[in-house]
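Peer 1: This is the structure I want to talk about, given as structure tokens.
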Amino acid sequence: MQILFLLTLLLCLFFSASSQDDLADHWREYVTLLETFDKYGYGDRSMEDELNRNSSSITVEAHFDCKPSASLEKPTSVHKLRPGDINVIAAMGDSLTAANGAGADTVLGVAIQYRGLAASIGGDKRLEQVITLPNIMRNYNADIYGYSTGTGTKNSRNSKLNVAVPGAVTDGMPEQARKLVDKMKNDPNVDFENDWKMVTIFIGGNDLCRYCKYPERYSPENYVIFFEETLMILTEIPRMFVNVIGMLNVQNVAELSSFSCDILHQFLCPCGMKEDDRELLGDKTRQYQSLLQSSIDSGKFDIRDDFAAVFQPFYIETTLPRHADGSPDYSFFAPDCFHLSAKGQGAQAISTWNNMIQPVGYKDRSWTPGEDIRCPSEDFPFLYTNKNSKDSWSGQDSDENQHKGTDQQPPQQEHQHQEQQHQEEEQKQDNFGSAVEPPQEGGLSGGSIAVIAILALVVVGAAVMLVVRRVKQSRNPYIQL
């Protein structure tokens, strides 16, 4: 009965902890338990065959043969920024950026945050073994700083500049932005004034999953309001390039089905799993995508020559990866059929990178699993921004380390957009001042993790006597605690 007892203790830990800090204090013990159970299969393995079924299907591999690309002198303009110029990398978001379940073998492992495998911020191993955006960029600058390794929470030292929080929604992003600003200011490895920095923001899935129950709070308009507030906080950081990842189509995961997955979907995203709500959720997803892209593309955040926010749209038209017979390819997903596996994270990383070196207005709007890592153009070696994507832009210097522009005259200086923060604050008060904070439904919050553990208890409980015999016979040191 040791397994049943330990899982019960795990539940008690979550229900007795008085705060997130309490949970963080117990994180290492908690992860050790989960990793042990996950490694030895004490969870629902009903998806194992599907997760590994990838013959004659899609592979995600890293074939990097790009030339070095860094300026001889550090640029002062974000519109002349090359990949090798970036010194610091960071990320914000929810459980997809925390990489919950990315390295999991069973549903129990979905509670573990595999931050070292996260598409936008993971730095485990090397590119040939783990495909992430930092591992791509380390081929341009081996000293890039900020990427996460291993497992842990946002407060773990190895998480570094990954401030993503499982279960987060967009109204919590300003707080993440403020934390990121403070971390960069106080980190001795970051030259706050002079280093070029890149942050990737990917958020909105939990907002959509709660929309059906709280349509006003999680409306597309409010989603953009909080996103814009977040970006305005990030403008406090000098020399910053911001990747804004467009929202994926959450409702598509309803096609990924198994006994345990169907149960978990009801907790992770109840709105997206109800057949009557899927059309509504699809419509709202498109509104989230469209309004956010319009905001970013408008140029309202092009307020300094050393700051740019760029919308990366590769998820907008992305559908489920499928086998040749048309069935979903589960190998891109964690055992809960909701979060991304390491393979899915790798596909996202490649698509993010490829979007970064495509001009605004000509970016891929869907990711093609199995696509190669592309290289910056030799004629235009910079990361694309709203400004330098324009045909009229010719802001390149004549120095040998800068791309030689055309003979066109530079465009007129765009009017600098000044956010009316007071007015925006009043609007937020109108929308939220009297609102009661809804319970945390959807997303991988502490409650959802408890549900994962409960589900595992149900599955394990059916075979508890067999497991006990197995433990007694083997006297496995990982289980005899």
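Residue numbering restarts at 1 for every chain of the structure tokens, chains are lettered A, B, ... in their displayed order, and ligands are numbered from 1 as they appear.
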Would you mind listing what lies within 8 Å of range 76-93 of chain A as an NGL selection string, with only C-alpha atoms counted and same-chain residues fewer than 2 positions away left out?
Peer 2: :A and (68-71 or 74 or 95-98 or 120-121 or 134 or 137 or 140-141 or 143-147 or 161-166 or 168 or 173 or 176-177 or 190 or 195-203 or 239-241 or 305-308 or 381-385 or 387-388 or 396 or 402)
Peer 1: Skipping near chain neighbours, those fewer than 5 positions away, what residues fall within 9 Å of Phe226 in chain A using only C-alpha atoms, listed as a PDB file with all heavy atoms, in the first residue's frame?
Peer 2:
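What ended up in part33.pdb:
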```pdb
ATOM      1  N   THR A 170      -4.344  36.040 -18.825  1.00  0.00           N
ATOM      2  CA  THR A 170      -3.718  37.267 -19.313  1.00  0.00           C
ATOM      3  C   THR A 170      -3.762  38.397 -18.292  1.00  0.00           C
ATOM      4  O   THR A 170      -2.877  39.254 -18.288  1.00  0.00           O
ATOM      5  CB  THR A 170      -4.395  37.714 -20.630  1.00  0.00           C
ATOM      6  OG1 THR A 170      -4.434  36.600 -21.517  1.00  0.00           O
ATOM      7  CG2 THR A 170      -3.602  38.822 -21.296  1.00  0.00           C
ATOM      8  N   ASP A 171      -4.755  38.412 -17.399  1.00  0.00           N
ATOM      9  CA  ASP A 171      -4.770  39.493 -16.415  1.00  0.00           C
ATOM     10  C   ASP A 171      -3.643  39.348 -15.398  1.00  0.00           C
ATOM     11  O   ASP A 171      -3.392  40.262 -14.608  1.00  0.00           O
ATOM     12  CB  ASP A 171      -6.137  39.640 -15.728  1.00  0.00           C
ATOM     13  CG  ASP A 171      -6.551  38.404 -14.947  1.00  0.00           C
ATOM     14  OD1 ASP A 171      -5.704  37.553 -14.649  1.00  0.00           O
ATOM     15  OD2 ASP A 171      -7.756  38.291 -14.632  1.00  0.00           O
ATOM     16  N   GLY A 172      -2.926  38.217 -15.420  1.00  0.00           N
ATOM     17  CA  GLY A 172      -1.763  38.062 -14.565  1.00  0.00           C
ATOM     18  C   GLY A 172      -0.451  38.388 -15.262  1.00  0.00           C
ATOM     19  O   GLY A 172       0.614  38.344 -14.637  1.00  0.00           O
ATOM     20  N   MET A 173      -0.521  38.733 -16.542  1.00  0.00           N
ATOM     21  CA  MET A 173       0.709  38.987 -17.286  1.00  0.00           C
ATOM     22  C   MET A 173       1.423  40.279 -16.881  1.00  0.00           C
ATOM     23  O   MET A 173       2.655  40.327 -16.881  1.00  0.00           O
ATOM     24  CB  MET A 173       0.421  38.979 -18.789  1.00  0.00           C
ATOM     25  CG  MET A 173      -0.026  37.621 -19.310  1.00  0.00           C
ATOM     26  SD  MET A 173       1.085  36.278 -18.824  1.00  0.00           S
ATOM     27  CE  MET A 173       2.482  36.618 -19.877  1.00  0.00           C
ATOM     28  N   PRO A 174       0.699  41.354 -16.530  1.00  0.00           N
ATOM     29  CA  PRO A 174       1.427  42.533 -16.046  1.00  0.00           C
ATOM     30  C   PRO A 174       2.301  42.210 -14.834  1.00  0.00           C
ATOM     31  O   PRO A 174       3.421  42.718 -14.717  1.00  0.00           O
ATOM     32  CB  PRO A 174       0.308  43.517 -15.694  1.00  0.00           C
ATOM     33  CG  PRO A 174      -0.800  43.153 -16.637  1.00  0.00           C
ATOM     34  CD  PRO A 174      -0.751  41.654 -16.725  1.00  0.00           C
ATOM     35  N   GLU A 221     -11.634  41.567 -26.014  1.00  0.00           N
ATOM     36  CA  GLU A 221     -11.232  42.951 -25.761  1.00  0.00           C
ATOM     37  C   GLU A 221     -10.381  43.058 -24.494  1.00  0.00           C
ATOM     38  O   GLU A 221      -9.360  43.754 -24.461  1.00  0.00           O
ATOM     39  CB  GLU A 221     -12.461  43.852 -25.639  1.00  0.00           C
ATOM     40  CG  GLU A 221     -13.253  44.026 -26.926  1.00  0.00           C
ATOM     41  CD  GLU A 221     -14.114  42.809 -27.281  1.00  0.00           C
ATOM     42  OE1 GLU A 221     -14.348  41.954 -26.387  1.00  0.00           O
ATOM     43  OE2 GLU A 221     -14.555  42.715 -28.446  1.00  0.00           O
ATOM     44  N   LEU A 231       2.890  44.799 -22.333  1.00  0.00           N
ATOM     45  CA  LEU A 231       3.922  45.304 -23.243  1.00  0.00           C
ATOM     46  C   LEU A 231       4.424  46.682 -22.824  1.00  0.00           C
ATOM     47  O   LEU A 231       5.619  46.986 -22.965  1.00  0.00           O
ATOM     48  CB  LEU A 231       3.386  45.347 -24.672  1.00  0.00           C
ATOM     49  CG  LEU A 231       3.200  43.975 -25.337  1.00  0.00           C
ATOM     50  CD1 LEU A 231       2.478  44.115 -26.676  1.00  0.00           C
ATOM     51  CD2 LEU A 231       4.545  43.277 -25.539  1.00  0.00           C
ATOM     52  N   LYS A 428     -10.046  49.738 -17.046  1.00  0.00           N
ATOM     53  CA  LYS A 428      -9.925  48.479 -16.323  1.00  0.00           C
ATOM     54  C   LYS A 428     -10.792  48.489 -15.070  1.00  0.00           C
ATOM     55  O   LYS A 428     -11.421  47.496 -14.716  1.00  0.00           O
ATOM     56  CB  LYS A 428      -8.462  48.238 -15.922  1.00  0.00           C
ATOM     57  CG  LYS A 428      -7.593  47.793 -17.056  1.00  0.00           C
ATOM     58  CD  LYS A 428      -6.145  47.788 -16.670  1.00  0.00           C
ATOM     59  CE  LYS A 428      -5.936  46.952 -15.431  1.00  0.00           C
ATOM     60  NZ  LYS A 428      -4.537  47.039 -14.965  1.00  0.00           N
TER      61      LYS A 428
END
```
Peer 1: Report, in Å to a single decimal, how far apart CA of Pro328 in chain A and CA of Leu264 in chain A are.
Peer 2: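 Atom-to-atom, CA of Leu264 in chain A and CA of Pro328 in chain A are spaced 18.0 Å apart.
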Peer 1: Could you check the closest approach to Val130 in chain A for each of A:Glu61, A:Asp276, A:Asp325, A:Glu378 and tell me which residue wins, using only C-alpha atoms?
Peer 2: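 Among the listed residues, the smallest separation from Val130 in chain A belongs to A:Glu61.
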Peer 1: Between A:Asn354, A:Gly150, A:Gly246, A:Asp329, which is the closest to Cys375 in chain A once you count only C-alpha atoms?
Peer 2: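 The answer is A:Asn354, which sits nearest to Cys375 in chain A.
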Peer 1: Where does DSSP see strand (DSSP E) in range 62-126 of chain A, if you list the residues as a PDB file with all heavy atoms, in the first residue's frame?
Peer 2:
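Result saved to result.pdb:
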```
ATOM      1  N   ILE A  86      21.928  39.094 -29.744  1.00  0.00           N
ATOM      2  CA  ILE A  86      21.097  38.934 -28.553  1.00  0.00           C
ATOM      3  C   ILE A  86      21.900  38.253 -27.451  1.00  0.00           C
ATOM      4  O   ILE A  86      22.471  37.182 -27.629  1.00  0.00           O
ATOM      5  CB  ILE A  86      19.821  38.134 -28.882  1.00  0.00           C
ATOM      6  CG1 ILE A  86      18.953  38.937 -29.855  1.00  0.00           C
ATOM      7  CG2 ILE A  86      19.035  37.815 -27.614  1.00  0.00           C
ATOM      8  CD1 ILE A  86      17.754  38.195 -30.372  1.00  0.00           C
ATOM      9  N   ASN A  87      21.928  38.909 -26.283  1.00  0.00           N
ATOM     10  CA  ASN A  87      22.702  38.417 -25.140  1.00  0.00           C
ATOM     11  C   ASN A  87      21.841  37.715 -24.098  1.00  0.00           C
ATOM     12  O   ASN A  87      22.334  36.851 -23.364  1.00  0.00           O
ATOM     13  CB  ASN A  87      23.417  39.585 -24.444  1.00  0.00           C
ATOM     14  CG  ASN A  87      24.196  40.459 -25.399  1.00  0.00           C
ATOM     15  OD1 ASN A  87      23.773  41.568 -25.717  1.00  0.00           O
ATOM     16  ND2 ASN A  87      25.329  39.968 -25.877  1.00  0.00           N
ATOM     17  N   VAL A  88      20.574  38.100 -24.015  1.00  0.00           N
ATOM     18  CA  VAL A  88      19.697  37.628 -22.933  1.00  0.00           C
ATOM     19  C   VAL A  88      18.372  37.176 -23.525  1.00  0.00           C
ATOM     20  O   VAL A  88      17.813  37.843 -24.397  1.00  0.00           O
ATOM     21  CB  VAL A  88      19.455  38.749 -21.891  1.00  0.00           C
ATOM     22  CG1 VAL A  88      18.492  38.282 -20.802  1.00  0.00           C
ATOM     23  CG2 VAL A  88      20.772  39.209 -21.282  1.00  0.00           C
ATOM     24  N   ILE A  89      17.879  36.032 -23.041  1.00  0.00           N
ATOM     25  CA  ILE A  89      16.609  35.502 -23.531  1.00  0.00           C
ATOM     26  C   ILE A  89      15.694  35.217 -22.345  1.00  0.00           C
ATOM     27  O   ILE A  89      16.149  34.800 -21.267  1.00  0.00           O
ATOM     28  CB  ILE A  89      16.845  34.232 -24.382  1.00  0.00           C
ATOM     29  CG1 ILE A  89      15.587  33.859 -25.164  1.00  0.00           C
ATOM     30  CG2 ILE A  89      17.371  33.072 -23.540  1.00  0.00           C
ATOM     31  CD1 ILE A  89      15.845  32.856 -26.286  1.00  0.00           C
ATOM     32  N   ALA A  90      14.389  35.463 -22.512  1.00  0.00           N
ATOM     33  CA  ALA A  90      13.425  35.296 -21.419  1.00  0.00           C
ATOM     34  C   ALA A  90      12.090  34.837 -21.991  1.00  0.00           C
ATOM     35  O   ALA A  90      11.884  34.824 -23.207  1.00  0.00           O
ATOM     36  CB  ALA A  90      13.258  36.617 -20.656  1.00  0.00           C
ATOM     37  N   ALA A  91      11.171  34.459 -21.103  1.00  0.00           N
ATOM     38  CA  ALA A  91       9.857  33.995 -21.551  1.00  0.00           C
ATOM     39  C   ALA A  91       8.808  34.229 -20.472  1.00  0.00           C
ATOM     40  O   ALA A  91       9.108  34.215 -19.271  1.00  0.00           O
ATOM     41  CB  ALA A  91       9.899  32.517 -21.935  1.00  0.00           C
ATOM     42  N   MET A  92       7.569  34.432 -20.933  1.00  0.00           N
ATOM     43  CA  MET A  92       6.416  34.627 -20.055  1.00  0.00           C
ATOM     44  C   MET A  92       5.257  33.795 -20.584  1.00  0.00           C
ATOM     45  O   MET A  92       5.166  33.559 -21.790  1.00  0.00           O
ATOM     46  CB  MET A  92       6.022  36.115 -20.047  1.00  0.00           C
ATOM     47  CG  MET A  92       7.118  37.056 -19.614  1.00  0.00           C
ATOM     48  SD  MET A  92       6.773  38.793 -20.064  1.00  0.00           S
ATOM     49  CE  MET A  92       5.155  39.021 -19.309  1.00  0.00           C
ATOM     50  N   GLY A  93       4.381  33.361 -19.689  1.00  0.00           N
ATOM     51  CA  GLY A  93       3.232  32.604 -20.162  1.00  0.00           C
ATOM     52  C   GLY A  93       2.631  31.711 -19.100  1.00  0.00           C
ATOM     53  O   GLY A  93       2.654  32.026 -17.908  1.00  0.00           O
TER      54      GLY A  93
END
```
Peer 1: Fewer than 4 positions away in the same chain doesn't count, so skip those; otherwise give me all residues within 12 Å of Ser389 in chain A, counting only C-alpha atoms, as a list in words.
Peer 2: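 Near neighbours after the sequence-gap exclusion: His79, Lys80, Asp297, Gly299, Val310, Met356, Ile357, Gln358, Pro359, Val360, Gly361, Tyr362, Lys363, Phe380, Phe382, Leu383, Tyr384, Thr385, Trp393, Ser394 and Gly395 of chain A.
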Peer 1: Please, what distance in Å, to one decimal, runs between CA of Phe332 in chain A and CA of Thr285 in chain A?
Peer 2: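 Between CA of Phe332 in chain A and CA of Thr285 in chain A the gap works out to 21.2 Å.
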Peer 1: Between range 326-384 of chain A and range 101-105 of chain A, at 9 Å or less, what are the per-residue closest atom pairs and their distances in Å? Count only C-alpha atoms, order by chain and rising residue number, and return it as a tab-separated table.
Peer 2:
```
residue	atom	partner	partner_atom	distance
A:Phe333	CA	A:Ala102	CA	7.8
A:Ala334	CA	A:Gly101	CA	5.4
A:Pro335	CA	A:Asp105	CA	6.7
A:Asp336	CA	A:Gly101	CA	8.0
A:His339	CA	A:Gly101	CA	6.6
A:Leu340	CA	A:Ala102	CA	5.8
A:Ser341	CA	A:Ala102	CA	4.0
A:Ala342	CA	A:Ala102	CA	4.7
A:Lys343	CA	A:Ala102	CA	8.1
A:Gly344	CA	A:Ala102	CA	8.2
A:Gln345	CA	A:Ala102	CA	7.5
```
Peer 1: Could you dump the residues just selected with N, CA and C atoms as a PDB file, in the first residue's frame?
Peer 2:
```pdb
ATOM      1  N   PHE A 333       2.052  15.443 -28.150  1.00  0.00           N
ATOM      2  CA  PHE A 333       1.371  15.891 -26.937  1.00  0.00           C
ATOM      3  C   PHE A 333       1.809  15.096 -25.716  1.00  0.00           C
ATOM      4  N   ALA A 334       1.680  15.730 -24.557  1.00  0.00           N
ATOM      5  CA  ALA A 334       1.956  15.068 -23.293  1.00  0.00           C
ATOM      6  C   ALA A 334       0.879  14.011 -23.026  1.00  0.00           C
ATOM      7  N   PRO A 335       1.060  13.166 -22.008  1.00  0.00           N
ATOM      8  CA  PRO A 335       0.082  12.096 -21.747  1.00  0.00           C
ATOM      9  C   PRO A 335      -1.317  12.563 -21.371  1.00  0.00           C
ATOM     10  N   ASP A 336      -1.495  13.867 -21.115  1.00  0.00           N
ATOM     11  CA  ASP A 336      -2.850  14.365 -20.851  1.00  0.00           C
ATOM     12  C   ASP A 336      -3.555  14.806 -22.126  1.00  0.00           C
ATOM     13  N   HIS A 339      -1.222  19.311 -23.095  1.00  0.00           N
ATOM     14  CA  HIS A 339       0.045  20.018 -23.162  1.00  0.00           C
ATOM     15  C   HIS A 339       0.930  19.413 -24.245  1.00  0.00           C
ATOM     16  N   LEU A 340       2.018  20.097 -24.551  1.00  0.00           N
ATOM     17  CA  LEU A 340       2.916  19.641 -25.602  1.00  0.00           C
ATOM     18  C   LEU A 340       4.003  18.726 -25.041  1.00  0.00           C
ATOM     19  N   SER A 341       4.341  17.710 -25.797  1.00  0.00           N
ATOM     20  CA  SER A 341       5.492  16.872 -25.473  1.00  0.00           C
ATOM     21  C   SER A 341       6.763  17.608 -25.878  1.00  0.00           C
ATOM     22  N   ALA A 342       7.913  16.994 -25.605  1.00  0.00           N
ATOM     23  CA  ALA A 342       9.173  17.591 -26.047  1.00  0.00           C
ATOM     24  C   ALA A 342       9.187  17.748 -27.566  1.00  0.00           C
ATOM     25  N   LYS A 343       8.579  16.803 -28.250  1.00  0.00           N
ATOM     26  CA  LYS A 343       8.510  16.870 -29.716  1.00  0.00           C
ATOM     27  C   LYS A 343       7.645  18.042 -30.154  1.00  0.00           C
ATOM     28  N   GLY A 344       6.497  18.228 -29.498  1.00  0.00           N
ATOM     29  CA  GLY A 344       5.638  19.364 -29.816  1.00  0.00           C
ATOM     30  C   GLY A 344       6.305  20.686 -29.498  1.00  0.00           C
ATOM     31  N   GLN A 345       7.023  20.738 -28.372  1.00  0.00           N
ATOM     32  CA  GLN A 345       7.768  21.954 -28.022  1.00  0.00           C
ATOM     33  C   GLN A 345       8.821  22.251 -29.084  1.00  0.00           C
TER      34      GLN A 345
END
```
Peer 1: Write out as a ChimeraX atom specification the set of residues from range 128-360 of chain A that DSSP, computed on the backbone, places in alpha helix (DSSP H).
Peer 2: /A:133-137,173-186,205-211,220-234,259-268,270-273,275-297,342-356
Peer 1: Tell me which of A:Ile225, A:Cys261, A:Leu268, A:Cys337 sits closest to Asn206 in chain A, counting only C-alpha atoms.
Peer 2: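 That would be A:Leu268, the residue with the smallest distance to Asn206 in chain A.
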